[in-house]
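Asker: Here it is, the structure, as structure tokens.
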Amino acid sequence: MAISIPFSLPASFSRLGTRRRNSPLRHELVALTIPILIETLLIMTLGAVDTFMLSRHSDASVAAVGLANQMITFTFIIFEVINLGTSVLCSQYLGAGLRDRMITVVGVSIVVNLIFGVAVSACLAFFATPILSMLGLRDAMLLEGVSYMEIVGAFAFFQALQLTMSAVLRSNNRPILPMMVILVVNLLNILGNYTLIFGAFGAPALGVRGAAISTSFCRLVAMVILTVMLVRTVMPRFPWHILRRWPGHEFRNLMKIGLPSAGEQMSYSCSQLVIAFVITSLGMEALATRTYCVNIIMYVYLFSIAISHAGAISIGHLVGASKWNASYLMGRYVMKVALGWTLAFSLCIAIAGTTIMTTLTENPEIIALGVAILWIDVVLEMGRPVNILYVNVLQAAGDVNYPFYVGLVWMWLIAVGGAYLFGITFGFGILGMWWMFALDEHVRAWAFIRRWESRRWQHRGFASPAEA
């Protein structure tokens, strides 16, 4: 079901959005946030299901699959180069009334990500052993991680196309459709994991390989369903003309947005890989603790991710329509909402930390470290929602370079360098490293707030109503 976009609104979101509950902009934000929230929850659950169900298999399997999944997720940033550009251009072109250009961008995105996806799949499948060995896995943990990466990595191109189509549908105000697809896929994955990991219903007990097979099959199903939905709602016919005459202008715009935007994510993921490698040197308990805590904490900032994506779509529409003041006030409003809800969630998770950790593992060392990390995360979440939001909305407004530079400097200086200094050199272990992660989030949050308040991101869009 399409959601109408109120481009005829007055510019002052302050008057319409924060003082009147019946504001059309607020209604649009809620209508986008709720399905994106559910979809993001289900996507996170899809990845976490493998971890939580394998926790009944062994802590070593959890650690190995957690590291393999981190490497696979890192390669998905290649797809995000195109997907981030697609989301920004689609939102701005729709706001400016340039639908034909939007269709061309979608076609270019599908072609490029298909090529990237096949290349990434081949690399992950054929080089799984040297990659995971380089990250520090050995012996039985290496075998577990390789068996998972070879299967999930070989079919990574399913995820490439799935991410592209989800971005297009959300930018076209149809976030409910990807949400419904992920719901179906999650149910299939839970059933598939239970069947193939533990050998239920007469199937062989495949352990880690069973989780990989189930995950890959579910991504295939999601890709097929999203393709049908895209054809029936947004793009009835594929723009085959782009294969005869490549639209270089749109491709350059995609790369101009996507490279620095994905560069920010790549910087973050590279820093996390280095941190994971350092934590590996602390032992299996520390690595397993990190895997458990990462999968728990991601539910804390889930709402921030959802409302940030929704806010970015709305701001992209407003930027396309040259409504700069409304964009500015929308960003401030969404930041306050995201910060309040995330802090409340983090406190609830910390209070329930002992109960949560004891349901996942019986190892007392892992439980103690995990509970301490969940309390440190309460402090960390005072900065992370701000970063998640302003990275998204600055990119949506066309200010794509600033988030990259901020992330490149502070993540590596504090989150990596500081974590190594306090965690390894000073001997504070994984807890000292987590305090450095919190400091990194706070420093970057301060930088992004200053950027948004300065309004130096204005007039950097890629479309305007005059072009229509």
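Residue numbers start at 1 in each chain; chains themselves are named A, B, ... in the order of the structure tokens; ligands are numbered from 1 in the order shown.
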Can you pull out every residue within 8 Å of Arg460 of chain A, counting only C-alpha atoms, but drop anything in the same chain fewer than 2 positions away, and send it as JSON, numbers by chain?
Answerer: {"A": [397, 398, 399, 457, 458, 462]}
Asker: May I have the selected residues written with C-alpha atoms, as a compact mmCIF listing (two decimals), in the first residue's frame?
Answerer:
```
# COMPACT_ATOMS: atom_id res chain seq x y z
CA ALA A 397 20.71 15.26 1.97
CA GLY A 398 23.70 14.71 -0.32
CA ASP A 399 26.42 15.51 2.25
CA TRP A 457 24.82 20.15 4.30
CA GLN A 458 22.11 22.24 2.60
CA PHE A 462 21.18 15.74 -6.78
```
Asker: Might you pull out every residue within 12 Å of segment 192-195 of chain A, with only C-alpha atoms counted and same-chain residues fewer than 2 positions away left off, and present them as a VMD selection string?
Answerer: chain A and resid 46 to 54 56 to 57 185 to 190 197 to 218
Asker: Please produce an output containing N, CA and C atoms for each residue in the selection, written as a tab-separated table (two decimals), in the first residue's frame.
Answerer:
```
chain	number	residue	atom	x	y	z
A	46	LEU	N	17.11	-12.95	11.73
A	46	LEU	CA	17.55	-13.95	10.75
A	46	LEU	C	19.02	-14.30	10.96
A	47	GLY	N	19.86	-13.29	11.24
A	47	GLY	CA	21.26	-13.58	11.51
A	47	GLY	C	21.49	-14.13	12.90
A	48	ALA	N	20.72	-13.63	13.88
A	48	ALA	CA	20.91	-14.06	15.26
A	48	ALA	C	20.40	-15.48	15.51
A	49	VAL	N	19.41	-15.92	14.72
A	49	VAL	CA	18.87	-17.26	14.90
A	49	VAL	C	19.97	-18.31	14.77
A	50	ASP	N	20.87	-18.14	13.79
A	50	ASP	CA	21.98	-19.08	13.64
A	50	ASP	C	22.82	-19.11	14.91
A	51	THR	N	23.11	-17.93	15.46
A	51	THR	CA	23.95	-17.86	16.66
A	51	THR	C	23.26	-18.50	17.85
A	52	PHE	N	22.00	-18.13	18.10
A	52	PHE	CA	21.31	-18.60	19.29
A	52	PHE	C	21.02	-20.11	19.21
A	53	MET	N	20.67	-20.61	18.05
A	53	MET	CA	20.41	-22.04	17.94
A	53	MET	C	21.70	-22.85	17.98
A	54	LEU	N	22.78	-22.27	17.46
A	54	LEU	CA	24.07	-22.97	17.55
A	54	LEU	C	24.62	-22.93	18.97
A	56	ARG	N	23.16	-23.97	21.42
A	56	ARG	CA	22.79	-25.28	21.97
A	56	ARG	C	23.70	-26.37	21.44
A	57	HIS	N	24.48	-26.03	20.43
A	57	HIS	CA	25.43	-26.98	19.83
A	57	HIS	C	26.77	-26.89	20.56
A	185	VAL	N	10.53	-15.25	5.49
A	185	VAL	CA	11.87	-15.84	5.45
A	185	VAL	C	12.34	-16.23	6.85
A	186	ASN	N	12.02	-15.41	7.86
A	186	ASN	CA	12.43	-15.73	9.22
A	186	ASN	C	11.79	-17.03	9.70
A	187	LEU	N	10.52	-17.18	9.42
A	187	LEU	CA	9.84	-18.42	9.82
A	187	LEU	C	10.46	-19.63	9.13
A	188	LEU	N	10.77	-19.47	7.85
A	188	LEU	CA	11.43	-20.56	7.12
A	188	LEU	C	12.81	-20.87	7.70
A	189	ASN	N	13.55	-19.82	8.11
A	189	ASN	CA	14.90	-20.04	8.63
A	189	ASN	C	14.87	-20.75	9.98
A	190	ILE	N	13.95	-20.38	10.83
A	190	ILE	CA	13.83	-21.05	12.13
A	190	ILE	C	13.52	-22.53	11.93
A	197	ILE	N	20.14	-28.35	11.79
A	197	ILE	CA	21.17	-28.32	12.83
A	197	ILE	C	21.07	-29.54	13.74
A	198	PHE	N	19.84	-29.84	14.16
A	198	PHE	CA	19.64	-30.89	15.16
A	198	PHE	C	19.14	-32.21	14.58
A	199	GLY	N	18.86	-32.24	13.26
A	199	GLY	CA	18.40	-33.49	12.64
A	199	GLY	C	16.97	-33.84	12.95
A	200	ALA	N	16.09	-32.85	13.00
A	200	ALA	CA	14.67	-33.11	13.27
A	200	ALA	C	13.96	-33.63	12.02
A	201	PHE	N	12.80	-34.22	12.24
A	201	PHE	CA	11.92	-34.72	11.17
A	201	PHE	C	12.65	-35.70	10.24
A	202	GLY	N	13.58	-36.46	10.76
A	202	GLY	CA	14.27	-37.46	9.96
A	202	GLY	C	15.42	-36.93	9.12
A	203	ALA	N	15.69	-35.61	9.19
A	203	ALA	CA	16.80	-35.03	8.42
A	203	ALA	C	18.13	-35.31	9.13
A	204	PRO	N	19.25	-35.28	8.41
A	204	PRO	CA	20.56	-35.47	9.06
A	204	PRO	C	20.92	-34.29	9.94
A	205	ALA	N	21.59	-34.52	11.06
A	205	ALA	CA	22.05	-33.45	11.95
A	205	ALA	C	23.35	-32.88	11.40
A	206	LEU	N	23.28	-31.72	10.75
A	206	LEU	CA	24.43	-31.16	10.05
A	206	LEU	C	25.15	-30.07	10.84
A	207	GLY	N	24.63	-29.65	11.98
A	207	GLY	CA	25.30	-28.64	12.79
A	207	GLY	C	25.45	-27.32	12.06
A	208	VAL	N	26.68	-26.83	12.00
A	208	VAL	CA	26.96	-25.55	11.38
A	208	VAL	C	26.59	-25.53	9.91
A	209	ARG	N	26.86	-26.62	9.19
A	209	ARG	CA	26.52	-26.67	7.77
A	209	ARG	C	25.00	-26.59	7.57
A	210	GLY	N	24.25	-27.15	8.48
A	210	GLY	CA	22.79	-27.06	8.39
A	210	GLY	C	22.30	-25.63	8.52
A	211	ALA	N	22.90	-24.87	9.44
A	211	ALA	CA	22.54	-23.45	9.59
A	211	ALA	C	22.87	-22.68	8.32
A	212	ALA	N	23.99	-23.00	7.69
A	212	ALA	CA	24.39	-22.31	6.46
A	212	ALA	C	23.44	-22.61	5.31
A	213	ILE	N	23.05	-23.87	5.18
A	213	ILE	CA	22.13	-24.26	4.10
A	213	ILE	C	20.79	-23.55	4.28
A	214	SER	N	20.28	-23.54	5.51
A	214	SER	CA	18.99	-22.90	5.78
A	214	SER	C	19.03	-21.40	5.47
A	215	THR	N	20.10	-20.72	5.91
A	215	THR	CA	20.23	-19.28	5.67
A	215	THR	C	20.29	-18.95	4.18
A	216	SER	N	21.05	-19.74	3.43
A	216	SER	CA	21.20	-19.48	2.00
A	216	SER	C	19.89	-19.71	1.25
A	217	PHE	N	19.18	-20.76	1.60
A	217	PHE	CA	17.89	-21.03	0.95
A	217	PHE	C	16.90	-19.91	1.22
A	218	CYS	N	16.89	-19.41	2.46
A	218	CYS	CA	15.96	-18.34	2.80
A	218	CYS	C	16.26	-17.06	2.03
```
Asker: Of the residues A:Met284, A:Ala312, A:Leu114, A:Val274, which is the one nearest to Phe74 of chain A, using only C-alpha atoms?
Answerer: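 Closest residue, counting only C-alpha atoms: A:Val274.
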Asker: Separation of atom CA of Glu150 of chain A and atom CA of Met71 of chain A, in Å?
Answerer: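 Those two atoms sit 11.9 Å apart.
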Asker: Identify, with DSSP run on backbone atoms, the residues in segment 147-305 of chain A assigned to helix (DSSP H, G or I), and express the list as a ChimeraX atom specification.
Answerer: /A:147-154,156-171,176-198,200-202,208-233,241-244,248-280,284-297,302-305
Asker: Between A:Gln159, A:Ser171, A:Thr233, A:Thr354, which one has atoms that come closest to Trp375 of chain A, using only C-alpha atoms?
Answerer: A:Thr354
Asker: Pick from A:Gly66, A:Gly370, A:Gly85, A:Pro24: nearest to Leu259 of chain A, with only C-alpha atoms counted?
Answerer: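 Among A:Gly66, A:Gly370, A:Gly85, A:Pro24, it is A:Gly85 that comes nearest to Leu259 of chain A.
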Asker: What does the structure give for the distance between atom CA of Val224 of chain A and atom CA of Ser269 of chain A, in Å to one decimal?
Answerer: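 Between these atoms lies a distance of 28.2 Å.
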Asker: Have a look at atom CA of Asn392 of chain A and atom CA of Ser308 of chain A and let me know their distance in Å, one decimal.
Answerer: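 Pair atom CA of Asn392 of chain A / atom CA of Ser308 of chain A returns 6.4 Å.
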Asker: Please tabulate, as a Markdown table, the residues of segment 297-413 of chain A that come within 6 Å of segment 432-452 of chain A, each with its closest pair of atoms and the distance in Å to one decimal, counting only C-alpha atoms and ordering rows by chain, then residue number upward.
Answerer:
```
| residue | atom | partner | partner_atom | distance |
| --- | --- | --- | --- | --- |
| A:Leu380 | CA | A:Ala438 | CA | 4.2 |
| A:Gly383 | CA | A:His442 | CA | 4.6 |
| A:Arg384 | CA | A:Glu441 | CA | 5.4 |
| A:Val386 | CA | A:Ala445 | CA | 5.5 |
| A:Asn387 | CA | A:Ala445 | CA | 5.3 |
```
Asker: Would you export the selected residues with N, CA and C atoms as an mmCIF file, in the first residue's frame, please?
Answerer:
```
data_model
loop_
_atom_site.group_PDB
_atom_site.id
_atom_site.type_symbol
_atom_site.label_atom_id
_atom_site.label_comp_id
_atom_site.auth_asym_id
_atom_site.auth_seq_id
_atom_site.Cartn_x
_atom_site.Cartn_y
_atom_site.Cartn_z
ATOM 1 N N LEU A 380 27.302 3.772 26.323
ATOM 2 C CA LEU A 380 27.598 3.834 24.889
ATOM 3 C C LEU A 380 26.398 4.324 24.087
ATOM 4 N N GLY A 383 25.507 7.882 22.695
ATOM 5 C CA GLY A 383 26.092 8.437 21.483
ATOM 6 C C GLY A 383 25.691 7.732 20.208
ATOM 7 N N ARG A 384 25.510 6.406 20.269
ATOM 8 C CA ARG A 384 25.273 5.652 19.042
ATOM 9 C C ARG A 384 24.022 6.087 18.275
ATOM 10 N N VAL A 386 22.683 8.952 17.901
ATOM 11 C CA VAL A 386 22.993 10.201 17.200
ATOM 12 C C VAL A 386 23.806 9.909 15.941
ATOM 13 N N ASN A 387 24.787 9.016 16.058
ATOM 14 C CA ASN A 387 25.618 8.668 14.906
ATOM 15 C C ASN A 387 24.822 7.959 13.827
#
```
Asker: Could you list, as a ChimeraX atom specification, every residue within 9 Å of Leu32 of chain A, counting only C-alpha atoms and ignoring same-chain residues fewer than 4 positions away?
Answerer: /A:3,27-28,36-37,170,173-176,306-307,309-311,313-314
Asker: Emit the selected residues as a PDB file, in the first residue's frame, including N, CA and C atoms.
Answerer:
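again.pdb was written with the following content:
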```
ATOM      1  N   ILE A   3       2.073   5.137   0.428  1.00  0.00           N
ATOM      2  CA  ILE A   3       1.883   6.185   1.418  1.00  0.00           C
ATOM      3  C   ILE A   3       2.061   7.514   0.726  1.00  0.00           C
ATOM      4  N   HIS A  27       2.927  11.727  10.531  1.00  0.00           N
ATOM      5  CA  HIS A  27       2.247  10.505  10.093  1.00  0.00           C
ATOM      6  C   HIS A  27       3.091   9.743   9.080  1.00  0.00           C
ATOM      7  N   GLU A  28       3.726  10.470   8.174  1.00  0.00           N
ATOM      8  CA  GLU A  28       4.593   9.805   7.189  1.00  0.00           C
ATOM      9  C   GLU A  28       5.763   9.119   7.887  1.00  0.00           C
ATOM     10  N   ILE A  36       9.663  -0.510   8.731  1.00  0.00           N
ATOM     11  CA  ILE A  36      11.122  -0.634   8.679  1.00  0.00           C
ATOM     12  C   ILE A  36      11.639  -1.219   9.993  1.00  0.00           C
ATOM     13  N   LEU A  37      11.032  -0.824  11.115  1.00  0.00           N
ATOM     14  CA  LEU A  37      11.408  -1.386  12.411  1.00  0.00           C
ATOM     15  C   LEU A  37      11.195  -2.897  12.435  1.00  0.00           C
ATOM     16  N   ARG A 170      11.457   0.666  -0.327  1.00  0.00           N
ATOM     17  CA  ARG A 170      11.331   1.593   0.800  1.00  0.00           C
ATOM     18  C   ARG A 170      11.374   3.039   0.324  1.00  0.00           C
ATOM     19  N   ASN A 173       8.167   4.454  -0.761  1.00  0.00           N
ATOM     20  CA  ASN A 173       7.113   4.459   0.261  1.00  0.00           C
ATOM     21  C   ASN A 173       6.322   3.160   0.308  1.00  0.00           C
ATOM     22  N   ARG A 174       7.007   2.031   0.085  1.00  0.00           N
ATOM     23  CA  ARG A 174       6.373   0.716   0.215  1.00  0.00           C
ATOM     24  C   ARG A 174       7.186  -0.168   1.168  1.00  0.00           C
ATOM     25  N   PRO A 175       7.460   0.322   2.387  1.00  0.00           N
ATOM     26  CA  PRO A 175       8.283  -0.461   3.317  1.00  0.00           C
ATOM     27  C   PRO A 175       7.589  -1.707   3.846  1.00  0.00           C
ATOM     28  N   ILE A 176       6.258  -1.764   3.712  1.00  0.00           N
ATOM     29  CA  ILE A 176       5.532  -2.930   4.218  1.00  0.00           C
ATOM     30  C   ILE A 176       5.894  -4.184   3.427  1.00  0.00           C
ATOM     31  N   ALA A 306      15.764   1.940  12.544  1.00  0.00           N
ATOM     32  CA  ALA A 306      14.502   2.041  11.810  1.00  0.00           C
ATOM     33  C   ALA A 306      14.077   3.492  11.610  1.00  0.00           C
ATOM     34  N   ILE A 307      14.064   4.270  12.682  1.00  0.00           N
ATOM     35  CA  ILE A 307      13.591   5.649  12.548  1.00  0.00           C
ATOM     36  C   ILE A 307      14.595   6.497  11.772  1.00  0.00           C
ATOM     37  N   HIS A 309      16.390   5.356   9.140  1.00  0.00           N
ATOM     38  CA  HIS A 309      16.100   5.076   7.731  1.00  0.00           C
ATOM     39  C   HIS A 309      14.824   5.780   7.286  1.00  0.00           C
ATOM     40  N   ALA A 310      13.802   5.745   8.152  1.00  0.00           N
ATOM     41  CA  ALA A 310      12.550   6.440   7.815  1.00  0.00           C
ATOM     42  C   ALA A 310      12.783   7.940   7.695  1.00  0.00           C
ATOM     43  N   GLY A 311      13.529   8.503   8.642  1.00  0.00           N
ATOM     44  CA  GLY A 311      13.832   9.935   8.578  1.00  0.00           C
ATOM     45  C   GLY A 311      14.640  10.297   7.348  1.00  0.00           C
ATOM     46  N   ILE A 313      14.562   8.759   4.420  1.00  0.00           N
ATOM     47  CA  ILE A 313      13.667   8.733   3.258  1.00  0.00           C
ATOM     48  C   ILE A 313      12.843  10.019   3.200  1.00  0.00           C
ATOM     49  N   SER A 314      12.269  10.413   4.335  1.00  0.00           N
ATOM     50  CA  SER A 314      11.474  11.647   4.361  1.00  0.00           C
ATOM     51  C   SER A 314      12.331  12.866   4.039  1.00  0.00           C
TER      52      SER A 314
END
```
Asker: Taking only C-alpha atoms into account, which of A:Ala96, A:Ile296, A:Trp412, A:Leu84 comes nearest Leu273 of chain A?
Answerer: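 Among A:Ala96, A:Ile296, A:Trp412, A:Leu84, it is A:Trp412 that comes nearest to Leu273 of chain A.
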Asker: Excluding Ala368 of chain A and residues on its chain fewer than 2 positions from it, collect all residues at most 10 Å away from it, counting only C-alpha atoms, and give them as an NGL selection string.
Answerer: :A and (289 or 353-354 or 357-358 or 363-366 or 370-373)
Asker: Since we have the selection now, will you write its residues out, keeping C-alpha atoms, as a short mmCIF file (atom, residue, chain, number, x, y, z; two decimals), in the first residue's frame?
Answerer:
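Everything below was put into out.cif:
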```cif
data_model
loop_
_atom_site.label_atom_id
_atom_site.label_comp_id
_atom_site.auth_asym_id
_atom_site.auth_seq_id
_atom_site.Cartn_x
_atom_site.Cartn_y
_atom_site.Cartn_z
CA THR A 289 31.23 -13.12 24.91
CA GLY A 353 21.47 -9.04 31.65
CA THR A 354 22.06 -11.95 34.02
CA MET A 357 23.23 -14.49 29.50
CA THR A 358 22.35 -17.54 31.59
CA ASN A 363 30.06 -20.67 31.28
CA PRO A 364 30.38 -18.40 34.39
CA GLU A 365 33.21 -16.34 32.89
CA ILE A 366 31.20 -15.55 29.75
CA GLY A 370 28.53 -10.30 29.25
CA VAL A 371 26.56 -8.72 32.10
CA ALA A 372 29.30 -6.10 32.65
CA ILE A 373 29.34 -5.23 28.94
#
```
Asker: List the neighbours of Met149 of chain A out to 8 Å using only C-alpha atoms; skip same-chain residues closer than 6 positions along the sequence, and give me the result as number ranges by chain.
Answerer: A: 68-69, 72, 124-125, 128, 212
Asker: Please produce an output containing N, CA and C atoms for each residue in the selection, written as a PDB file, in the first residue's frame.
Answerer:
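Heads up, here's the output in again.pdb:
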```pdb
ATOM      1  N   ALA A  68      32.846 -15.726  11.092  1.00  0.00           N
ATOM      2  CA  ALA A  68      32.565 -15.922   9.662  1.00  0.00           C
ATOM      3  C   ALA A  68      31.478 -14.962   9.187  1.00  0.00           C
ATOM      4  N   ASN A  69      30.429 -14.805   9.992  1.00  0.00           N
ATOM      5  CA  ASN A  69      29.348 -13.885   9.622  1.00  0.00           C
ATOM      6  C   ASN A  69      29.828 -12.446   9.552  1.00  0.00           C
ATOM      7  N   ILE A  72      31.486 -12.077   6.223  1.00  0.00           N
ATOM      8  CA  ILE A  72      30.490 -12.057   5.157  1.00  0.00           C
ATOM      9  C   ILE A  72      29.773 -10.705   5.132  1.00  0.00           C
ATOM     10  N   LEU A 124      34.333 -15.532  -1.560  1.00  0.00           N
ATOM     11  CA  LEU A 124      34.032 -16.086  -0.242  1.00  0.00           C
ATOM     12  C   LEU A 124      34.055 -17.610  -0.258  1.00  0.00           C
ATOM     13  N   ALA A 125      33.552 -18.213  -1.322  1.00  0.00           N
ATOM     14  CA  ALA A 125      33.489 -19.669  -1.388  1.00  0.00           C
ATOM     15  C   ALA A 125      34.871 -20.293  -1.559  1.00  0.00           C
ATOM     16  N   ALA A 128      37.646 -19.209   1.665  1.00  0.00           N
ATOM     17  CA  ALA A 128      37.160 -19.227   3.046  1.00  0.00           C
ATOM     18  C   ALA A 128      38.258 -19.613   4.034  1.00  0.00           C
ATOM     19  N   ALA A 212      23.991 -22.997   7.688  1.00  0.00           N
ATOM     20  CA  ALA A 212      24.395 -22.305   6.458  1.00  0.00           C
ATOM     21  C   ALA A 212      23.444 -22.610   5.308  1.00  0.00           C
TER      22      ALA A 212
END
```
Asker: In terms of the shortest atom-to-atom distance over only C-alpha atoms, which of A:Val300, A:Glu381, A:Met165, A:Tyr390 is closest to Ser87 of chain A?
Answerer: A:Met165
Asker: I'd like the neighbourhood of Ile77 of chain A as JSON, numbers by chain, where a residue qualifies if any of its atoms comes within 12 Å (using only C-alpha atoms), though same-chain residues fewer than 2 positions away should be ignored.
Answerer: {"A": [70, 71, 72, 73, 74, 75, 79, 80, 81, 82, 83, 84, 113, 116, 117, 120, 156, 159, 160, 163, 258, 259, 260, 261, 262, 263, 264, 265, 266, 267, 268, 269, 270]}
